[in-house]
file upload_10.pdb (PDB, C-alpha atoms)
ATOM      1  CA  MET F1092      31.643  -8.631  45.173
ATOM      2  CA  ILE F1093      31.376 -12.372  44.526
ATOM      3  CA  TYR F1094      28.339 -12.506  46.849
ATOM      4  CA  PHE F1095      26.651  -9.858  44.727
ATOM      5  CA  GLU F1096      27.015 -12.037  41.637
ATOM      6  CA  TRP F1097      25.654 -15.056  43.493
ATOM      7  CA  ILE F1098      22.626 -13.100  44.689
ATOM      8  CA  LEU F1099      22.048 -11.794  41.162
ATOM      9  CA  LEU F1100      22.214 -15.218  39.507
ATOM     10  CA  VAL F1101      20.042 -16.943  42.104
ATOM     11  CA  SER F1102      17.435 -14.190  41.989
ATOM     12  CA  ILE F1103      17.206 -14.470  38.179
ATOM     13  CA  VAL F1104      16.333 -18.165  38.473
ATOM     14  CA  VAL F1105      13.849 -17.558  41.305
ATOM     15  CA  ILE F1106      12.114 -14.725  39.435
ATOM     16  CA  ALA F1107      11.935 -16.806  36.257
ATOM     17  CA  VAL F1108      10.273 -19.692  38.121
ATOM     18  CA  PHE F1109       7.836 -17.287  39.769
ATOM     19  CA  SER F1110       6.924 -15.709  36.434
ATOM     20  CA  ILE F1111       5.936 -19.155  35.125
ATOM     21  CA  GLU F1112       4.029 -20.197  38.232
ATOM     22  CA  VAL F1113       2.093 -17.037  39.076
ATOM     23  CA  LYS F1114      -1.594 -17.014  38.108
ATOM     24  CA  ASP F1115      -1.954 -13.310  37.397
ATOM     25  CA  LEU F1116      -0.657 -12.839  33.863
ATOM     26  CA  LEU F1117       0.146  -9.148  34.299
ATOM     27  CA  SER F1118       2.407 -10.004  37.257
ATOM     28  CA  ALA F1119       4.001 -12.718  35.132
ATOM     29  CA  VAL F1120       4.838 -10.189  32.424
ATOM     30  CA  ILE F1121       6.307  -7.743  34.937
ATOM     31  CA  LEU F1122       8.394 -10.486  36.573
ATOM     32  CA  MET F1123       9.666 -11.454  33.136
ATOM     33  CA  GLY F1124      10.746  -7.883  32.530
ATOM     34  CA  VAL F1125      12.533  -7.740  35.881
ATOM     35  CA  SER F1126      14.398 -10.976  35.177
ATOM     36  CA  SER F1127      15.435  -9.666  31.769
ATOM     37  CA  LEU F1128      16.738  -6.467  33.394
ATOM     38  CA  LEU F1129      18.790  -8.556  35.842
ATOM     39  CA  VAL F1130      20.143 -10.602  32.910
ATOM     40  CA  SER F1131      21.333  -7.350  31.371
ATOM     41  CA  PHE F1132      23.238  -6.617  34.615
ATOM     42  CA  VAL F1133      24.887 -10.018  34.275
ATOM     43  CA  PHE F1134      25.937  -9.143  30.713
ATOM     44  CA  LEU F1135      27.447  -5.946  32.054
ATOM     45  CA  LEU F1136      29.419  -7.894  34.678
ATOM     46  CA  LEU F1137      30.652 -10.236  31.935
ATOM     47  CA  HIS F1138      32.103  -7.220  30.054
ATOM     48  CA  ALA F1139      29.565  -7.255  27.234
ATOM     49  CA  PRO F1140      28.053  -3.775  27.502
ATOM     50  CA  ASP F1141      26.611  -3.716  23.993
ATOM     51  CA  VAL F1142      24.641  -6.917  24.598
ATOM     52  CA  ALA F1143      23.496  -5.458  27.918
ATOM     53  CA  LEU F1144      22.191  -2.368  26.122
ATOM     54  CA  SER F1145      20.131  -4.369  23.654
ATOM     55  CA  GLU F1146      18.857  -6.700  26.375
ATOM     56  CA  ALA F1147      17.743  -3.785  28.564
ATOM     57  CA  SER F1148      15.966  -1.891  25.816
ATOM     58  CA  ILE F1149      14.434  -4.772  23.863
ATOM     59  CA  GLY F1150      13.973  -7.437  26.540
ATOM     60  CA  ALA F1151      12.893  -5.232  29.394
ATOM     61  CA  ALA F1152      10.980  -2.485  27.612
ATOM     62  CA  LEU F1153       9.683  -3.352  24.144
ATOM     63  CA  THR F1154       8.871  -7.045  24.707
ATOM     64  CA  MET F1155       7.169  -6.235  27.997
ATOM     65  CA  ALA F1156       5.020  -3.550  26.369
ATOM     66  CA  ILE F1157       3.918  -5.932  23.635
ATOM     67  CA  TYR F1158       3.024  -8.622  26.203
ATOM     68  CA  VAL F1159       1.106  -6.097  28.310
ATOM     69  CA  ILE F1160      -0.955  -5.143  25.255
ATOM     70  CA  ALA F1161      -1.600  -8.835  24.553
ATOM     71  CA  VAL F1162      -2.754  -9.384  28.164
ATOM     72  CA  LYS F1163      -5.005  -6.332  27.914
ATOM     73  CA  LYS F1164      -6.650  -7.653  24.757
ATOM     74  CA  THR F1165      -7.226 -11.149  26.235
ATOM     75  CA  GLU F1166      -7.733 -12.400  29.789
ATOM     76  CA  ARG F1167      -5.813 -11.257  32.804
ATOM     77  CA  ARG F1168      -6.213 -14.321  35.014
ATOM     78  CA  GLU F1169      -5.001 -17.781  34.163
ATOM     79  CA  GLU F1170      -7.183 -20.754  35.056
TER      80      GLU F1170
ATOM     81  CA  MET Q 562       5.758 -46.519  29.113
ATOM     82  CA  ILE Q 563       7.987 -47.964  26.369
ATOM     83  CA  ARG Q 564       7.746 -44.686  24.522
ATOM     84  CA  LYS Q 565       8.996 -42.799  27.570
ATOM     85  CA  ILE Q 566      11.971 -45.156  27.934
ATOM     86  CA  VAL Q 567      12.838 -44.687  24.252
ATOM     87  CA  TYR Q 568      12.632 -40.906  24.694
ATOM     88  CA  ALA Q 569      14.888 -41.077  27.770
ATOM     89  CA  ILE Q 570      17.469 -43.137  25.892
ATOM     90  CA  PHE Q 571      17.439 -40.720  22.952
ATOM     91  CA  ILE Q 572      17.809 -37.677  25.173
ATOM     92  CA  GLY Q 573      20.662 -39.390  27.026
ATOM     93  CA  ILE Q 574      22.441 -40.135  23.732
ATOM     94  CA  ILE Q 575      22.033 -36.530  22.580
ATOM     95  CA  ILE Q 576      23.328 -35.076  25.867
ATOM     96  CA  ALA Q 577      26.280 -37.493  25.888
ATOM     97  CA  GLY Q 578      27.144 -36.553  22.300
ATOM     98  CA  VAL Q 579      27.024 -32.837  23.076
ATOM     99  CA  LEU Q 580      29.195 -33.301  26.163
ATOM    100  CA  MET Q 581      31.754 -35.378  24.248
ATOM    101  CA  PHE Q 582      31.860 -32.762  21.495
ATOM    102  CA  LEU Q 583      32.308 -29.945  24.015
ATOM    103  CA  SER Q 584      35.002 -31.774  25.999
ATOM    104  CA  ALA Q 585      37.204 -31.738  22.885
ATOM    105  CA  PHE Q 586      37.512 -27.950  23.293
ATOM    106  CA  PRO Q 587      39.143 -26.762  26.530
ATOM    107  CA  PHE Q 588      37.176 -23.933  28.111
ATOM    108  CA  GLY Q 589      38.346 -20.438  27.325
ATOM    109  CA  GLU Q 590      40.963 -21.474  24.796
ATOM    110  CA  ASN Q 591      40.841 -19.807  21.440
ATOM    111  CA  LYS Q 592      40.887 -22.386  18.671
ATOM    112  CA  MET Q 593      39.472 -20.259  15.890
ATOM    113  CA  LEU Q 594      41.984 -18.622  13.588
ATOM    114  CA  VAL Q 595      39.421 -16.097  12.391
ATOM    115  CA  GLY Q 596      38.758 -14.907  15.917
ATOM    116  CA  LYS Q 597      42.466 -14.574  16.617
ATOM    117  CA  TYR Q 598      42.894 -12.549  13.432
ATOM    118  CA  TYR Q 599      40.034 -10.237  14.385
ATOM    119  CA  ILE Q 600      41.395  -9.597  17.874
ATOM    120  CA  GLU Q 601      44.883  -8.850  16.625
ATOM    121  CA  ASN Q 602      44.180  -6.843  13.478
ATOM    122  CA  ALA Q 603      40.675  -5.345  13.723
ATOM    123  CA  THR Q 604      41.808  -2.157  15.444
ATOM    124  CA  ASN Q 605      44.368  -1.403  12.749
ATOM    125  CA  ASP Q 606      42.192  -2.436   9.807
ATOM    126  CA  ALA Q 607      39.216  -0.352  10.819
ATOM    127  CA  GLY Q 608      40.872   2.477  12.702
ATOM    128  CA  ALA Q 609      38.271   2.069  15.450
ATOM    129  CA  PRO Q 610      38.920   0.989  19.052
ATOM    130  CA  ASN Q 611      35.671  -1.017  19.185
ATOM    131  CA  VAL Q 612      36.458  -4.464  17.773
ATOM    132  CA  VAL Q 613      32.825  -5.587  17.776
ATOM    133  CA  THR Q 614      31.905  -2.728  15.474
ATOM    134  CA  ALA Q 615      34.798  -3.516  13.159
ATOM    135  CA  VAL Q 616      33.672  -7.144  12.898
ATOM    136  CA  THR Q 617      29.969  -6.427  12.342
ATOM    137  CA  LEU Q 618      30.391  -3.588   9.851
ATOM    138  CA  LEU Q 619      33.735  -4.035   8.146
ATOM    139  CA  TYR Q 620      34.384  -7.771   7.931
ATOM    140  CA  ARG Q 621      30.735  -8.812   7.943
ATOM    141  CA  GLY Q 622      28.940  -5.768   6.593
ATOM    142  CA  PHE Q 623      26.956  -7.805   4.110
ATOM    143  CA  ASP Q 624      25.604 -10.026   6.933
ATOM    144  CA  THR Q 625      24.498  -6.899   8.769
ATOM    145  CA  LEU Q 626      22.581  -5.796   5.686
ATOM    146  CA  GLY Q 627      20.840  -9.183   5.779
ATOM    147  CA  GLU Q 628      19.999  -8.749   9.469
ATOM    148  CA  VAL Q 629      18.473  -5.340   8.800
ATOM    149  CA  MET Q 630      16.430  -6.936   6.008
ATOM    150  CA  VAL Q 631      15.178  -9.614   8.440
ATOM    151  CA  LEU Q 632      14.049  -6.912  10.852
ATOM    152  CA  PHE Q 633      12.363  -5.021   8.005
ATOM    153  CA  THR Q 634      10.484  -8.170   6.990
ATOM    154  CA  ALA Q 635       9.331  -8.708  10.586
ATOM    155  CA  ALA Q 636       8.039  -5.131  10.850
ATOM    156  CA  LEU Q 637       6.290  -5.534   7.502
ATOM    157  CA  GLY Q 638       4.623  -8.749   8.724
ATOM    158  CA  VAL Q 639       3.360  -7.051  11.880
ATOM    159  CA  SER Q 640       1.893  -4.163   9.945
ATOM    160  CA  ILE Q 641       0.248  -6.513   7.433
ATOM    161  CA  ILE Q 642      -1.363  -8.531  10.252
ATOM    162  CA  PHE Q 643      -2.737  -5.426  11.934
ATOM    163  CA  ALA Q 644      -3.726  -3.664   8.748
ATOM    164  CA  VAL Q 645      -7.436  -2.942   8.945
ATOM    165  CA  GLU Q 646      -8.991  -0.205   6.871
ATOM    166  CA  GLU Q 647     -10.178   2.947   8.650
ATOM    167  CA  LYS Q 648      -9.356   2.586  12.293
ATOM    168  CA  LYS Q 649     -10.799   5.160  14.630
ATOM    169  CA  LYS Q 650      -9.258   6.330  17.869
ATOM    170  CA  LYS Q 651     -11.250   5.334  20.925
ATOM    171  CA  VAL Q 652     -11.991   8.126  23.331
ATOM    172  CA  VAL Q 653      -9.678   7.377  26.226
ATOM    173  CA  GLN Q 654      -9.228   9.325  29.399
ATOM    174  CA  PRO Q 655      -6.003  11.360  29.137
ATOM    175  CA  PRO Q 656      -3.304  10.566  31.714
ATOM    176  CA  ASN Q 657      -2.663  13.025  34.485
ATOM    177  CA  PHE Q 658      -0.465  16.090  34.347
ATOM    178  CA  VAL Q 659       2.655  14.577  35.924
ATOM    179  CA  VAL Q 660       2.770  11.682  33.465
ATOM    180  CA  ARG Q 661       2.237  13.927  30.452
ATOM    181  CA  VAL Q 662       4.898  16.530  31.281
ATOM    182  CA  GLY Q 663       7.376  14.100  32.847
ATOM    183  CA  SER Q 664       7.323  11.738  29.908
ATOM    184  CA  ARG Q 665       7.831  14.625  27.509
ATOM    185  CA  ILE Q 666      10.994  15.627  29.406
ATOM    186  CA  VAL Q 667      12.311  12.068  29.742
ATOM    187  CA  PHE Q 668      11.619  11.404  26.067
ATOM    188  CA  THR Q 669      14.126  14.105  25.098
ATOM    189  CA  PHE Q 670      16.870  12.492  27.140
ATOM    190  CA  ILE Q 671      16.107   9.005  25.836
ATOM    191  CA  LEU Q 672      16.246  10.287  22.270
ATOM    192  CA  LEU Q 673      19.572  12.040  22.943
ATOM    193  CA  THR Q 674      21.034   8.900  24.527
ATOM    194  CA  GLY Q 675      19.950   6.821  21.549
ATOM    195  CA  PHE Q 676      21.551   9.227  19.103
ATOM    196  CA  TYR Q 677      24.707   9.325  21.236
ATOM    197  CA  ILE Q 678      24.943   5.528  21.253
ATOM    198  CA  PHE Q 679      24.761   5.107  17.519
ATOM    199  CA  MET Q 680      26.878   8.157  16.715
ATOM    200  CA  HIS Q 681      29.662   6.799  18.939
ATOM    201  CA  GLY Q 682      29.242   3.192  17.848
ATOM    202  CA  HIS Q 683      32.827   2.934  16.634
ATOM    203  CA  LEU Q 684      34.279   4.401  19.846
ATOM    204  CA  THR Q 685      32.145   3.141  22.734
ATOM    205  CA  PRO Q 686      30.077  -0.014  23.250
ATOM    206  CA  GLY Q 687      26.819  -0.114  21.387
ATOM    207  CA  GLY Q 688      25.889   0.770  17.871
ATOM    208  CA  GLY Q 689      23.052   1.134  15.449
ATOM    209  CA  PHE Q 690      20.881  -1.671  16.779
ATOM    210  CA  GLN Q 691      21.174  -0.634  20.413
ATOM    211  CA  GLY Q 692      20.656   3.050  19.710
ATOM    212  CA  GLY Q 693      17.699   2.332  17.460
ATOM    213  CA  ALA Q 694      16.052   0.117  20.075
ATOM    214  CA  LEU Q 695      16.565   2.855  22.683
ATOM    215  CA  ILE Q 696      14.916   5.451  20.416
ATOM    216  CA  ALA Q 697      11.952   3.117  19.923
ATOM    217  CA  THR Q 698      11.697   2.810  23.725
ATOM    218  CA  GLY Q 699      11.363   6.590  23.897
ATOM    219  CA  PHE Q 700       8.550   6.501  21.363
ATOM    220  CA  LEU Q 701       6.871   3.778  23.415
ATOM    221  CA  LEU Q 702       6.938   6.108  26.437
ATOM    222  CA  LEU Q 703       5.390   8.859  24.328
ATOM    223  CA  TYR Q 704       2.640   6.503  23.140
ATOM    224  CA  LEU Q 705       1.921   5.403  26.703
ATOM    225  CA  SER Q 706       1.608   8.910  28.082
ATOM    226  CA  TYR Q 707      -0.391  10.788  25.466
ATOM    227  CA  SER Q 708      -3.913  10.020  24.478
ATOM    228  CA  ASP Q 709      -3.358  11.693  21.125
ATOM    229  CA  THR Q 710       0.306  11.748  20.140
ATOM    230  CA  GLY Q 711      -0.046  13.117  16.637
ATOM    231  CA  ILE Q 712       2.968  11.055  15.534
ATOM    232  CA  ASN Q 713       2.941  10.701  11.808
ATOM    233  CA  ARG Q 714       3.517   7.149  10.654
ATOM    234  CA  LYS Q 715       4.711   8.339   7.250
ATOM    235  CA  ARG Q 716       7.795   9.951   8.813
ATOM    236  CA  PHE Q 717       8.860   6.562  10.218
ATOM    237  CA  MET Q 718       8.577   5.117   6.722
ATOM    238  CA  VAL Q 719      10.656   7.952   5.256
ATOM    239  CA  ALA Q 720      13.384   7.514   7.905
ATOM    240  CA  GLU Q 721      13.415   3.748   7.359
ATOM    241  CA  GLY Q 722      13.725   4.034   3.606
ATOM    242  CA  LEU Q 723      16.409   6.683   3.955
ATOM    243  CA  GLY Q 724      18.472   4.419   6.245
ATOM    244  CA  GLY Q 725      18.283   1.487   3.838
ATOM    245  CA  ILE Q 726      19.162   3.650   0.838
ATOM    246  CA  ILE Q 727      22.178   5.166   2.626
ATOM    247  CA  TYR Q 728      23.472   1.707   3.589
ATOM    248  CA  VAL Q 729      23.231   0.235   0.085
ATOM    249  CA  PHE Q 730      24.556   3.431  -1.496
ATOM    250  CA  ILE Q 731      27.683   3.412   0.701
ATOM    251  CA  GLY Q 732      28.199  -0.230  -0.206
ATOM    252  CA  LEU Q 733      27.898   0.526  -3.915
ATOM    253  CA  ILE Q 734      30.372   3.421  -3.687
ATOM    254  CA  GLY Q 735      32.819   0.976  -2.099
ATOM    255  CA  LEU Q 736      32.158  -1.446  -4.967
ATOM    256  CA  PHE Q 737      33.004   1.163  -7.596
ATOM    257  CA  VAL Q 738      35.933   2.831  -5.824
ATOM    258  CA  LYS Q 739      37.703  -0.078  -4.131
ATOM    259  CA  GLY Q 740      36.295  -3.062  -5.967
ATOM    260  CA  SER Q 741      34.319  -4.779  -3.233
ATOM    261  CA  PHE Q 742      30.891  -4.185  -1.716
ATOM    262  CA  LEU Q 743      31.084  -2.114   1.515
ATOM    263  CA  ALA Q 744      34.833  -1.525   1.171
ATOM    264  CA  ASN Q 745      36.209   1.185   3.431
ATOM    265  CA  PHE Q 746      36.815   4.005   0.979
ATOM    266  CA  LEU Q 747      36.951   6.920   3.431
ATOM    267  CA  PRO Q 748      40.164   7.838   5.290
ATOM    268  CA  LYS Q 749      40.605   6.260   8.708
ATOM    269  CA  GLY Q 750      41.646   9.439  10.492
ATOM    270  CA  THR Q 751      43.005   9.559  14.012
ATOM    271  CA  MET Q 752      41.767   6.949  16.406
ATOM    272  CA  PHE Q 753      39.339   8.092  19.170
ATOM    273  CA  ASP Q 754      38.101  11.005  17.034
ATOM    274  CA  LEU Q 755      34.401  11.212  16.273
ATOM    275  CA  LEU Q 756      35.047  11.578  12.548
ATOM    276  CA  SER Q 757      37.282   8.563  12.170
ATOM    277  CA  ALA Q 758      37.145   4.929  11.095
ATOM    278  CA  GLY Q 759      35.957   5.637   7.554
ATOM    279  CA  ILE Q 760      32.527   4.349   6.633
ATOM    280  CA  LEU Q 761      31.637   2.979  10.079
ATOM    281  CA  LEU Q 762      30.027   6.223  11.263
ATOM    282  CA  PRO Q 763      27.685   6.779   8.269
ATOM    283  CA  LEU Q 764      26.800   3.084   8.223
ATOM    284  CA  TYR Q 765      25.843   3.162  11.889
ATOM    285  CA  ILE Q 766      23.778   6.309  11.403
ATOM    286  CA  ALA Q 767      21.913   4.527   8.597
ATOM    287  CA  ILE Q 768      21.355   1.397  10.712
ATOM    288  CA  GLY Q 769      20.231   3.474  13.701
ATOM    289  CA  LEU Q 770      17.661   5.333  11.601
ATOM    290  CA  LYS Q 771      16.382   2.126  10.060
ATOM    291  CA  VAL Q 772      16.200   0.033  13.227
ATOM    292  CA  GLY Q 773      14.723   2.856  15.294
ATOM    293  CA  SER Q 774      11.958   3.573  12.824
ATOM    294  CA  GLU Q 775      11.208  -0.121  12.345
ATOM    295  CA  PHE Q 776      10.845  -0.788  16.086
ATOM    296  CA  ALA Q 777       8.824   2.410  16.499
ATOM    297  CA  GLY Q 778       6.573   1.247  13.671
ATOM    298  CA  ILE Q 779       6.009  -2.103  15.426
ATOM    299  CA  VAL Q 780       5.188  -0.249  18.671
ATOM    300  CA  ASP Q 781       2.817   2.019  16.739
ATOM    301  CA  ASP Q 782       1.009  -0.991  15.268
ATOM    302  CA  PHE Q 783       0.598  -2.646  18.657
ATOM    303  CA  MET Q 784      -0.517   0.523  20.442
ATOM    304  CA  CYS Q 785      -3.056   1.195  17.711
ATOM    305  CA  GLU Q 786      -4.321  -2.368  18.061
ATOM    306  CA  ALA Q 787      -4.808  -1.794  21.779
ATOM    307  CA  ARG Q 788      -6.374   1.633  21.434
ATOM    308  CA  CYS Q 789      -8.297   1.878  18.196
ATOM    309  CA  THR Q 790     -11.723   0.612  17.366
ATOM    310  CA  GLY Q 791     -12.709  -0.877  14.073
ATOM    311  CA  GLY Q 792     -11.890  -4.206  12.487
ATOM    312  CA  GLU Q 793     -12.187  -7.082  14.910
ATOM    313  CA  GLY Q 794     -10.668  -5.328  17.912
TER     314      GLY Q 794
END

call {"tool": "encode", "arguments": {"input": "upload_10.pdb", "output": "structure tokens"}}
result
Amino acid sequence: MIYFEWILLVSIVVIAVFSIEVKDLLSAVILMGVSSLLVSFVFLLLHAPDVALSEASIGAALTMAIYVIAVKKTERREE
Amino acid sequence: MIRKIVYAIFIGIIIAGVLMFLSAFPFGENKMLVGKYYIENATNDAGAPNVVTAVTLLYRGFDTLGEVMVLFTAALGVSIIFAVEEKKKKVVQPPNFVVRVGSRIVFTFILLTGFYIFMHGHLTPGGGFQGGALIATGFLLLYLSYSDTGINRKRFMVAEGLGGIIYVFIGLIGLFVKGSFLANFLPKGTMFDLLSAGILLPLYIAIGLKVGSEFAGIVDDFMCEARCTGGEG
């Protein structure tokens, strides 16, 4: 069980770094959503299920949708 | 170069100060009397097993009203920014059959889950904000899957206004009956019943309506910005 938490925490950091470094902005937005979903799992493991609920619905769904619309209205590739 | 050294020294001083301040409090030890009071007495005061709900709605109900106002102001700002007269729907290709029918089925379950979360806010984790955000997620799915949703924006406004009015009205009843704003004037009932914990249930229904319609309104503004012609877009 402790290994699961380690894998979760390390993968959040790795995904966050990737979402900054990647050149395709749509992939960056999706990676951000994935990392926010994993953060909500961490909240659940820390016995804060109400925070996990808001993180999953706002961080992973609504924020991602708004960023996707912003990417669609501007440029997809970063220079 | 000198500027960088000065910055480094300043950042070092700030980090050292924060660490010294934090080292005065041993980790995990409860120093706050207010927090101790909440943990020991919240369940009895509110008649609800969920302490978080008791703190946000009973002890700090007025703060929650302020938070809802902040969210309302944010939604208002978004709709003012995107307000352009006479937007027309672009002709977009409708999504395929599976997406249309599947999203309609999933939308029902998301809506039910959202209602469940804010109806049971005083019994299980979650509450008005979480349930409202979940309902808005369902509306987002509906917007993504239909080319023409036919969702009436006015109904969001009616639900939002209704939520705010219910919240303030309950608070005012408490002011007249018990002498303080948002006082718990309803009977507590048996714990773990749905109709228990006094005013917590109607307050959470009001917050859920308000937050859900506000988030759905923001989503509506953004989707319209992405999809409609007219204005600058």

call {"tool": "resolve_selection", "arguments": {"input": "upload_10.pdb", "expression": "the ChimeraX specification (/Q :<9) & /F", "output": "list in words"}}
result
Ala1139, Pro1140, Asp1141, Val1142, Leu1144, Ser1145, Glu1146, Ala1147, Ser1148, Ile1149, Ala1152, Leu1153, Ala1156, Ile1157, Ile1160, Ala1161, Lys1163 and Lys1164 of chain F

call {"tool": "resolve_selection", "arguments": {"input": "upload_10.pdb", "expression": "the PyMOL selection byres ((chain F and resi 1118) around 12)", "output": "ChimeraX atom specification"}}
result
/F:1106-1107,1109-1117,1119-1125,1155,1158-1159,1162,1167-1169

call {"tool": "resolve_selection", "arguments": {"input": "upload_10.pdb", "expression": "the PyMOL selection byres ((chain Q and resi 746) around 10)", "output": "ChimeraX atom specification"}}
result
/Q:731-732,734-740,743-745,747-749,759-760

call {"tool": "write_last_selection", "arguments": {"input": "upload_10.pdb", "atoms": "C-alpha atoms", "output": "PDB file, in the coordinates of the input"}}
result
ATOM      1  CA  ILE Q 731      27.683   3.412   0.701  1.00  0.00           C
ATOM      2  CA  GLY Q 732      28.199  -0.230  -0.206  1.00  0.00           C
ATOM      3  CA  ILE Q 734      30.372   3.421  -3.687  1.00  0.00           C
ATOM      4  CA  GLY Q 735      32.819   0.976  -2.099  1.00  0.00           C
ATOM      5  CA  LEU Q 736      32.158  -1.446  -4.967  1.00  0.00           C
ATOM      6  CA  PHE Q 737      33.004   1.163  -7.596  1.00  0.00           C
ATOM      7  CA  VAL Q 738      35.933   2.831  -5.824  1.00  0.00           C
ATOM      8  CA  LYS Q 739      37.703  -0.078  -4.131  1.00  0.00           C
ATOM      9  CA  GLY Q 740      36.295  -3.062  -5.967  1.00  0.00           C
ATOM     10  CA  LEU Q 743      31.084  -2.114   1.515  1.00  0.00           C
ATOM     11  CA  ALA Q 744      34.833  -1.525   1.171  1.00  0.00           C
ATOM     12  CA  ASN Q 745      36.209   1.185   3.431  1.00  0.00           C
ATOM     13  CA  LEU Q 747      36.951   6.920   3.431  1.00  0.00           C
ATOM     14  CA  PRO Q 748      40.164   7.838   5.290  1.00  0.00           C
ATOM     15  CA  LYS Q 749      40.605   6.260   8.708  1.00  0.00           C
ATOM     16  CA  GLY Q 759      35.957   5.637   7.554  1.00  0.00           C
ATOM     17  CA  ILE Q 760      32.527   4.349   6.633  1.00  0.00           C
TER      18      ILE Q 760
END

call {"tool": "atom_distance", "arguments": {"input": "upload_10.pdb", "atom1": "atom CA of Leu733 of chain Q", "atom2": "atom CA of Ala767 of chain Q"}}
result
14.4 Å

call {"tool": "closest_residue", "arguments": {"input": "upload_10.pdb", "among": "Q:Ala609, Q:Leu761, Q:Val729, Q:Val719", "to": "Met680 of chain Q", "atoms": "all atoms listed in the file"}}
result
Q:Leu761

call {"tool": "closest_residue", "arguments": {"input": "upload_10.pdb", "among": "Q:Leu618, Q:Ile766, Q:Ile642, Q:Val662", "to": "Phe742 of chain Q", "atoms": "only C-alpha atoms"}}
result
Q:Leu618

call {"tool": "atom_distance", "arguments": {"input": "upload_10.pdb", "atom1": "atom CA of Thr617 of chain Q", "atom2": "atom CA of Lys597 of chain Q"}}
result
15.5 Å

call {"tool": "closest_residue", "arguments": {"input": "upload_10.pdb", "among": "Q:Phe753, Q:Phe633, Q:Phe643, Q:Phe670", "to": "Asp781 of chain Q", "atoms": "all atoms listed in the file"}}
result
Q:Phe643

call {"tool": "atom_distance", "arguments": {"input": "upload_10.pdb", "atom1": "atom CA of Thr625 of chain Q", "atom2": "atom CA of Asp782 of chain Q"}}
result
25.1 Å

call {"tool": "axis_aligned_box", "arguments": {"input": "upload_10.pdb", "around": "segment 673-692 of chain Q", "padding_each_side": "3 Å", "output": "JSON"}}
result
{"center_x": 26.9, "center_y": 5.2, "center_z": 20.0, "size_x": 20.7, "size_y": 19.7, "size_z": 15.1}

call {"tool": "closest_residue", "arguments": {"input": "upload_10.pdb", "among": "Q:Val579, Q:Val629, Q:Ile566, Q:Val616", "to": "Val595 of chain Q", "atoms": "all atoms listed in the file"}}
result
Q:Val616

call {"tool": "build_atoms", "arguments": {"input": "upload_10.pdb", "residues": "segment 765-777 of chain Q", "atoms": "N, CA and C atoms", "output": "PDB file, in the coordinates of the input"}}
result
ATOM      1  N   TYR Q 765      26.594   3.330  10.644  1.00  0.00           N
ATOM      2  CA  TYR Q 765      25.843   3.162  11.889  1.00  0.00           C
ATOM      3  C   TYR Q 765      24.709   4.158  11.991  1.00  0.00           C
ATOM      4  N   ILE Q 766      24.897   5.363  11.415  1.00  0.00           N
ATOM      5  CA  ILE Q 766      23.778   6.309  11.403  1.00  0.00           C
ATOM      6  C   ILE Q 766      22.624   5.732  10.583  1.00  0.00           C
ATOM      7  N   ALA Q 767      22.960   5.122   9.432  1.00  0.00           N
ATOM      8  CA  ALA Q 767      21.913   4.527   8.597  1.00  0.00           C
ATOM      9  C   ALA Q 767      21.202   3.412   9.335  1.00  0.00           C
ATOM     10  N   ILE Q 768      21.980   2.522  10.004  1.00  0.00           N
ATOM     11  CA  ILE Q 768      21.355   1.397  10.712  1.00  0.00           C
ATOM     12  C   ILE Q 768      20.504   1.913  11.858  1.00  0.00           C
ATOM     13  N   GLY Q 769      21.003   2.941  12.580  1.00  0.00           N
ATOM     14  CA  GLY Q 769      20.231   3.474  13.701  1.00  0.00           C
ATOM     15  C   GLY Q 769      18.905   4.033  13.242  1.00  0.00           C
ATOM     16  N   LEU Q 770      18.914   4.804  12.145  1.00  0.00           N
ATOM     17  CA  LEU Q 770      17.661   5.333  11.601  1.00  0.00           C
ATOM     18  C   LEU Q 770      16.707   4.205  11.249  1.00  0.00           C
ATOM     19  N   LYS Q 771      17.238   3.194  10.570  1.00  0.00           N
ATOM     20  CA  LYS Q 771      16.382   2.126  10.060  1.00  0.00           C
ATOM     21  C   LYS Q 771      15.802   1.304  11.198  1.00  0.00           C
ATOM     22  N   VAL Q 772      16.675   0.882  12.134  1.00  0.00           N
ATOM     23  CA  VAL Q 772      16.200   0.033  13.227  1.00  0.00           C
ATOM     24  C   VAL Q 772      15.242   0.805  14.138  1.00  0.00           C
ATOM     25  N   GLY Q 773      15.593   2.071  14.425  1.00  0.00           N
ATOM     26  CA  GLY Q 773      14.723   2.856  15.294  1.00  0.00           C
ATOM     27  C   GLY Q 773      13.350   3.028  14.708  1.00  0.00           C
ATOM     28  N   SER Q 774      13.279   3.355  13.406  1.00  0.00           N
ATOM     29  CA  SER Q 774      11.958   3.573  12.824  1.00  0.00           C
ATOM     30  C   SER Q 774      11.201   2.266  12.666  1.00  0.00           C
ATOM     31  N   GLU Q 775      11.928   1.151  12.454  1.00  0.00           N
ATOM     32  CA  GLU Q 775      11.208  -0.121  12.345  1.00  0.00           C
ATOM     33  C   GLU Q 775      10.588  -0.518  13.681  1.00  0.00           C
ATOM     34  N   PHE Q 776      11.392  -0.437  14.768  1.00  0.00           N
ATOM     35  CA  PHE Q 776      10.845  -0.788  16.086  1.00  0.00           C
ATOM     36  C   PHE Q 776       9.710   0.152  16.467  1.00  0.00           C
ATOM     37  N   ALA Q 777       9.881   1.458  16.164  1.00  0.00           N
ATOM     38  CA  ALA Q 777       8.824   2.410  16.499  1.00  0.00           C
ATOM     39  C   ALA Q 777       7.563   2.106  15.703  1.00  0.00           C
TER      40      ALA Q 777
END
